[in-house]
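Listing of target-v5.txt; format and content: compact mmCIF, C-alpha atoms.
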# COMPACT_ATOMS: atom_id res chain seq x y z
CA GLN A 26 14.16 13.72 -47.15
CA VAL A 27 11.97 16.53 -45.90
CA GLN A 28 13.40 18.97 -43.41
CA LEU A 29 11.66 21.49 -41.18
CA VAL A 30 13.68 24.31 -39.69
CA GLU A 31 12.24 26.47 -36.93
CA SER A 32 13.43 29.89 -35.89
CA GLY A 33 12.25 32.89 -33.96
CA GLY A 34 12.52 31.66 -30.40
CA GLY A 35 14.24 33.61 -27.70
CA LEU A 36 13.81 35.45 -24.45
CA VAL A 37 10.73 37.62 -24.08
CA GLN A 38 9.21 39.39 -21.12
CA PRO A 39 5.81 38.41 -19.78
CA GLY A 40 3.12 40.08 -21.85
CA GLY A 41 5.35 40.18 -24.89
CA SER A 42 4.99 38.63 -28.32
CA LEU A 43 7.00 36.37 -30.57
CA ARG A 44 6.58 35.01 -34.04
CA LEU A 45 8.00 31.59 -34.74
CA SER A 46 8.82 30.45 -38.25
CA CYS A 47 9.07 27.01 -39.77
CA VAL A 48 10.52 26.60 -43.22
CA ALA A 49 10.08 23.31 -45.07
CA SER A 50 12.41 21.91 -47.70
CA ARG A 51 9.34 20.87 -49.68
CA SER A 52 6.01 22.48 -50.44
CA ILE A 53 3.92 22.59 -47.29
CA PHE A 54 0.95 21.58 -49.42
CA SER A 55 2.49 18.12 -49.73
CA SER A 56 1.43 17.75 -46.09
CA ASN A 57 -2.27 17.55 -45.23
CA ALA A 58 -1.63 19.75 -42.25
CA MET A 59 1.18 21.54 -40.52
CA ARG A 60 1.27 21.79 -36.78
CA TRP A 61 3.06 23.49 -33.95
CA TYR A 62 3.73 21.61 -30.73
CA ARG A 63 5.55 22.56 -27.58
CA GLN A 64 7.29 20.64 -24.85
CA THR A 65 8.65 21.42 -21.40
CA PRO A 66 11.00 19.17 -19.43
CA GLY A 67 9.22 16.24 -17.87
CA LYS A 68 6.04 16.76 -19.85
CA GLU A 69 4.65 15.28 -23.02
CA ARG A 70 4.74 17.24 -26.21
CA GLU A 71 1.45 19.09 -26.59
CA LEU A 72 -0.32 20.35 -29.67
CA VAL A 73 -0.56 24.11 -29.96
CA ALA A 74 -1.99 24.85 -33.41
CA THR A 75 -2.84 23.26 -36.75
CA ILE A 76 -3.27 24.63 -40.24
CA THR A 77 -4.59 22.31 -42.93
CA SER A 78 -3.72 22.34 -46.60
CA GLY A 79 -7.12 23.95 -47.14
CA GLY A 80 -6.27 26.76 -44.76
CA SER A 81 -8.43 25.75 -41.82
CA THR A 82 -6.91 26.45 -38.44
CA ASN A 83 -7.39 24.94 -35.04
CA TYR A 84 -5.92 25.74 -31.67
CA ALA A 85 -5.42 23.79 -28.51
CA GLY A 86 -4.21 24.23 -24.99
CA SER A 87 -3.47 27.33 -23.04
CA LEU A 88 -2.21 29.34 -26.03
CA LYS A 89 -5.67 29.23 -27.60
CA GLY A 90 -6.87 32.78 -28.00
CA ARG A 91 -3.35 34.15 -27.77
CA SER A 92 -1.83 32.56 -30.85
CA THR A 93 -2.32 32.60 -34.60
CA ILE A 94 -1.00 30.05 -37.08
CA SER A 95 -0.48 31.15 -40.65
CA ARG A 96 1.47 30.18 -43.73
CA ASP A 97 3.24 31.55 -46.77
CA SER A 98 3.12 28.94 -49.50
CA ALA A 99 5.60 30.82 -51.67
CA LYS A 100 8.18 30.49 -48.91
CA ASN A 101 7.13 26.99 -47.80
CA ALA A 102 6.75 28.53 -44.37
CA VAL A 103 4.40 28.22 -41.45
CA TYR A 104 4.29 30.75 -38.66
CA LEU A 105 3.07 30.90 -35.10
CA GLN A 106 2.33 34.35 -33.73
CA MET A 107 2.12 34.31 -29.94
CA ASN A 108 0.88 37.22 -27.88
CA SER A 109 0.44 38.03 -24.20
CA LEU A 110 3.07 35.48 -23.36
CA LYS A 111 3.25 34.05 -19.87
CA PRO A 112 6.11 32.34 -18.02
CA GLU A 113 4.25 29.06 -18.36
CA ASP A 114 4.56 29.37 -22.13
CA THR A 115 8.27 28.71 -21.75
CA ALA A 116 8.99 25.61 -23.82
CA VAL A 117 10.69 24.24 -26.88
CA TYR A 118 8.37 24.75 -29.83
CA TYR A 119 8.38 22.24 -32.66
CA CYS A 120 7.02 22.31 -36.17
CA ASN A 121 5.47 19.09 -37.51
CA GLY A 122 4.03 17.73 -40.69
CA TRP A 123 3.18 14.43 -42.35
CA PHE A 124 4.60 14.09 -45.85
CA GLY A 125 3.06 10.94 -47.20
CA ARG A 126 3.78 8.29 -44.60
CA LEU A 127 6.67 10.20 -43.15
CA GLU A 128 6.17 12.26 -40.03
CA VAL A 129 8.71 15.05 -39.88
CA TRP A 130 9.73 17.17 -36.90
CA GLY A 131 11.90 20.22 -36.79
CA GLN A 132 14.72 20.56 -34.31
CA GLY A 133 12.74 22.93 -32.13
CA THR A 134 13.18 26.51 -31.05
CA LEU A 135 13.34 27.55 -27.42
CA VAL A 136 10.97 30.21 -26.13
CA THR A 137 11.71 31.60 -22.69
CA VAL A 138 9.24 33.96 -21.06
CA SER A 139 10.84 35.67 -18.12
CA SER A 140 11.41 39.08 -16.65

Render the structure in this file as structure tokens.
Amino acid sequence: QVQLVESGGGLVQPGGSLRLSCVASRSIFSSNAMRWYRQTPGKERELVATITSGGSTNYAGSLKGRSTISRDSAKNAVYLQMNSLKPEDTAVYYCNGWFGRLEVWGQGTLVTVSS
């Protein structure tokens, strides 16, 4: 059983930054790609960023240009650095990966952007 555990969420003022972490119980290279998603109440979960096993990155949505996904293979960790945060970035952020045929989600970490 693979587990993903996110951390790093919290309350931040508009214009601030946060770095989210996702630690996997297995090597992240056993997944073709690791992703960050976010979800707000009443809306579908949306893709924020992807990092492939080869290190390629891709960004989507309104955080594009304000976020950076990275990884530390030694720690089995994936990170999401978010800058210039806006109130509309308030959401629960989830880490995701496919390990073989198994899609795994973390429990989510809440990011609240508010003054």

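Between CA of Ser55 (chain A) and CA of Leu88 (chain A) there is a distance of 26.6 Å.
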
Item to check | Among the residues A:Ser46, A:Gln26, A:Asn57, A:Thr65, the one that comes closest to Gly122 (chain A) [using all atoms listed in the file] | outcome: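 Checking each of A:Ser46, A:Gln26, A:Asn57, A:Thr65 against Gly122 (chain A), counting all atoms listed in the file, the winner is A:Asn57.
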
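CA of Val48 (chain A) lies 27.4 Å from CA of Gly67 (chain A).
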
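Put simply, CA of Ile76 (chain A) is 18.3 Å away from CA of Arg126 (chain A).
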
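Once Leu127 (chain A) and its same-chain neighbours fewer than 3 positions away are set aside, A:Gln26, A:Val27, A:Ser56, A:Gly122, A:Trp123, A:Phe124, A:Trp130 remain within 10 Å of it when counting only C-alpha atoms.
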
Checklist entry - Which residues, written as an NGL selection string, have at least one atom at most 7 Å from region 91-96 of chain A, with only C-alpha atoms counted and residues fewer than 3 positions away on the same chain left out? => result :A and (74 or 76 or 88 or 102-109)

Using only C-alpha atoms, which protein or nucleic acid residues come within 8 Å of Leu29 (chain A)? Drop anything in the same chain fewer than 5 positions from it, and give the result as a PDB file with C-alpha atoms, in the coordinates of the input.
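Okay, out.pdb is ready:
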ATOM      1  CA  CYS A  47       9.070  27.010 -39.770  1.00  0.00           C
ATOM      2  CA  VAL A  48      10.520  26.600 -43.220  1.00  0.00           C
ATOM      3  CA  ALA A  49      10.080  23.310 -45.070  1.00  0.00           C
ATOM      4  CA  SER A  50      12.410  21.910 -47.700  1.00  0.00           C
ATOM      5  CA  CYS A 120       7.020  22.310 -36.170  1.00  0.00           C
ATOM      6  CA  ASN A 121       5.470  19.090 -37.510  1.00  0.00           C
ATOM      7  CA  VAL A 129       8.710  15.050 -39.880  1.00  0.00           C
ATOM      8  CA  TRP A 130       9.730  17.170 -36.900  1.00  0.00           C
ATOM      9  CA  GLY A 131      11.900  20.220 -36.790  1.00  0.00           C
ATOM     10  CA  GLN A 132      14.720  20.560 -34.310  1.00  0.00           C
TER      11      GLN A 132
END

Could you name the residues that touch Phe54 (chain A) at 10 Å or less, counting all atoms listed in the file, but leaving out those on the same chain fewer than 6 positions away, as a PDB file with C-alpha atoms, in the frame of the given file?
ATOM      1  CA  THR A  77      -4.590  22.310 -42.930  1.00  0.00           C
ATOM      2  CA  SER A  78      -3.720  22.340 -46.600  1.00  0.00           C
ATOM      3  CA  GLY A  79      -7.120  23.950 -47.140  1.00  0.00           C
ATOM      4  CA  SER A  98       3.120  28.940 -49.500  1.00  0.00           C
ATOM      5  CA  ASN A 101       7.130  26.990 -47.800  1.00  0.00           C
ATOM      6  CA  PHE A 124       4.600  14.090 -45.850  1.00  0.00           C
TER       7      PHE A 124
END

Checklist entry - Hey, which of A:Gly125, A:Gly90, A:Thr137, A:Leu45 ends up closest to Gly33 (chain A)? Count all atoms listed in the file. => result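 Of A:Gly125, A:Gly90, A:Thr137, A:Leu45, the one nearest Gly33 (chain A) is A:Leu45, counting all atoms listed in the file.
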
Checklist entry - Which of these residues is nearest to Trp61 (chain A), using all atoms listed in the file: A:Gly35, A:Gly86, A:Gly41, A:Gly80? => result A:Gly86

Filled-in N, CA, C and O atoms of region 78-98 of chain A, supplied as a PDB file, in the coordinates of the input:
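Saved result, part.pdb, follows:
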ATOM      1  N   SER A  78      -4.068  21.923 -45.249  1.00  0.00           N
ATOM      2  CA  SER A  78      -3.720  22.340 -46.600  1.00  0.00           C
ATOM      3  C   SER A  78      -4.806  23.233 -47.200  1.00  0.00           C
ATOM      4  O   SER A  78      -4.530  24.053 -48.068  1.00  0.00           O
ATOM      5  N   GLY A  79      -6.018  23.107 -46.682  1.00  0.00           N
ATOM      6  CA  GLY A  79      -7.120  23.950 -47.140  1.00  0.00           C
ATOM      7  C   GLY A  79      -7.188  25.290 -46.451  1.00  0.00           C
ATOM      8  O   GLY A  79      -8.020  26.138 -46.786  1.00  0.00           O
ATOM      9  N   GLY A  80      -6.332  25.477 -45.449  1.00  0.00           N
ATOM     10  CA  GLY A  80      -6.270  26.760 -44.760  1.00  0.00           C
ATOM     11  C   GLY A  80      -7.048  26.833 -43.467  1.00  0.00           C
ATOM     12  O   GLY A  80      -7.044  27.866 -42.791  1.00  0.00           O
ATOM     13  N   SER A  81      -7.711  25.752 -43.096  1.00  0.00           N
ATOM     14  CA  SER A  81      -8.430  25.750 -41.820  1.00  0.00           C
ATOM     15  C   SER A  81      -7.436  25.722 -40.675  1.00  0.00           C
ATOM     16  O   SER A  81      -6.380  25.095 -40.764  1.00  0.00           O
ATOM     17  N   THR A  82      -7.798  26.393 -39.605  1.00  0.00           N
ATOM     18  CA  THR A  82      -6.910  26.450 -38.440  1.00  0.00           C
ATOM     19  C   THR A  82      -7.630  25.938 -37.206  1.00  0.00           C
ATOM     20  O   THR A  82      -8.859  26.008 -37.097  1.00  0.00           O
ATOM     21  N   ASN A  83      -6.856  25.432 -36.301  1.00  0.00           N
ATOM     22  CA  ASN A  83      -7.390  24.940 -35.040  1.00  0.00           C
ATOM     23  C   ASN A  83      -6.336  25.155 -33.962  1.00  0.00           C
ATOM     24  O   ASN A  83      -5.140  25.059 -34.236  1.00  0.00           O
ATOM     25  N   TYR A  84      -6.814  25.436 -32.764  1.00  0.00           N
ATOM     26  CA  TYR A  84      -5.920  25.740 -31.670  1.00  0.00           C
ATOM     27  C   TYR A  84      -6.245  24.874 -30.466  1.00  0.00           C
ATOM     28  O   TYR A  84      -7.380  24.458 -30.262  1.00  0.00           O
ATOM     29  N   ALA A  85      -5.237  24.639 -29.681  1.00  0.00           N
ATOM     30  CA  ALA A  85      -5.420  23.790 -28.510  1.00  0.00           C
ATOM     31  C   ALA A  85      -4.590  24.334 -27.353  1.00  0.00           C
ATOM     32  O   ALA A  85      -3.633  25.078 -27.544  1.00  0.00           O
ATOM     33  N   GLY A  86      -5.000  23.920 -26.171  1.00  0.00           N
ATOM     34  CA  GLY A  86      -4.210  24.230 -24.990  1.00  0.00           C
ATOM     35  C   GLY A  86      -4.323  25.673 -24.554  1.00  0.00           C
ATOM     36  O   GLY A  86      -5.185  26.441 -24.995  1.00  0.00           O
ATOM     37  N   SER A  87      -3.393  26.036 -23.695  1.00  0.00           N
ATOM     38  CA  SER A  87      -3.470  27.330 -23.040  1.00  0.00           C
ATOM     39  C   SER A  87      -3.107  28.502 -23.929  1.00  0.00           C
ATOM     40  O   SER A  87      -3.361  29.651 -23.565  1.00  0.00           O
ATOM     41  N   LEU A  88      -2.514  28.245 -25.103  1.00  0.00           N
ATOM     42  CA  LEU A  88      -2.210  29.340 -26.030  1.00  0.00           C
ATOM     43  C   LEU A  88      -3.409  29.698 -26.905  1.00  0.00           C
ATOM     44  O   LEU A  88      -3.356  30.665 -27.661  1.00  0.00           O
ATOM     45  N   LYS A  89      -4.462  28.930 -26.823  1.00  0.00           N
ATOM     46  CA  LYS A  89      -5.670  29.230 -27.600  1.00  0.00           C
ATOM     47  C   LYS A  89      -6.182  30.611 -27.225  1.00  0.00           C
ATOM     48  O   LYS A  89      -6.333  30.926 -26.045  1.00  0.00           O
ATOM     49  N   GLY A  90      -6.428  31.418 -28.250  1.00  0.00           N
ATOM     50  CA  GLY A  90      -6.870  32.780 -28.000  1.00  0.00           C
ATOM     51  C   GLY A  90      -5.729  33.777 -27.934  1.00  0.00           C
ATOM     52  O   GLY A  90      -5.944  34.992 -27.982  1.00  0.00           O
ATOM     53  N   ARG A  91      -4.529  33.278 -27.810  1.00  0.00           N
ATOM     54  CA  ARG A  91      -3.350  34.150 -27.770  1.00  0.00           C
ATOM     55  C   ARG A  91      -2.380  33.856 -28.896  1.00  0.00           C
ATOM     56  O   ARG A  91      -1.295  34.439 -28.963  1.00  0.00           O
ATOM     57  N   SER A  92      -2.737  32.938 -29.776  1.00  0.00           N
ATOM     58  CA  SER A  92      -1.830  32.560 -30.850  1.00  0.00           C
ATOM     59  C   SER A  92      -2.554  32.510 -32.181  1.00  0.00           C
ATOM     60  O   SER A  92      -3.777  32.314 -32.236  1.00  0.00           O
ATOM     61  N   THR A  93      -1.790  32.676 -33.248  1.00  0.00           N
ATOM     62  CA  THR A  93      -2.320  32.600 -34.600  1.00  0.00           C
ATOM     63  C   THR A  93      -1.332  31.838 -35.466  1.00  0.00           C
ATOM     64  O   THR A  93      -0.148  32.191 -35.512  1.00  0.00           O
ATOM     65  N   ILE A  94      -1.826  30.797 -36.135  1.00  0.00           N
ATOM     66  CA  ILE A  94      -1.000  30.050 -37.080  1.00  0.00           C
ATOM     67  C   ILE A  94      -1.322  30.542 -38.481  1.00  0.00           C
ATOM     68  O   ILE A  94      -2.487  30.785 -38.818  1.00  0.00           O
ATOM     69  N   SER A  95      -0.291  30.687 -39.280  1.00  0.00           N
ATOM     70  CA  SER A  95      -0.480  31.150 -40.650  1.00  0.00           C
ATOM     71  C   SER A  95       0.586  30.517 -41.528  1.00  0.00           C
ATOM     72  O   SER A  95       1.469  29.804 -41.036  1.00  0.00           O
ATOM     73  N   ARG A  96       0.504  30.791 -42.825  1.00  0.00           N
ATOM     74  CA  ARG A  96       1.470  30.180 -43.730  1.00  0.00           C
ATOM     75  C   ARG A  96       1.747  31.118 -44.891  1.00  0.00           C
ATOM     76  O   ARG A  96       0.961  32.023 -45.202  1.00  0.00           O
ATOM     77  N   ASP A  97       2.871  30.868 -45.533  1.00  0.00           N
ATOM     78  CA  ASP A  97       3.240  31.550 -46.770  1.00  0.00           C
ATOM     79  C   ASP A  97       3.697  30.457 -47.717  1.00  0.00           C
ATOM     80  O   ASP A  97       4.823  29.956 -47.615  1.00  0.00           O
ATOM     81  N   SER A  98       2.820  30.076 -48.636  1.00  0.00           N
ATOM     82  CA  SER A  98       3.120  28.940 -49.500  1.00  0.00           C
ATOM     83  C   SER A  98       4.300  29.223 -50.411  1.00  0.00           C
ATOM     84  O   SER A  98       5.058  28.316 -50.757  1.00  0.00           O
TER      85      SER A  98
END
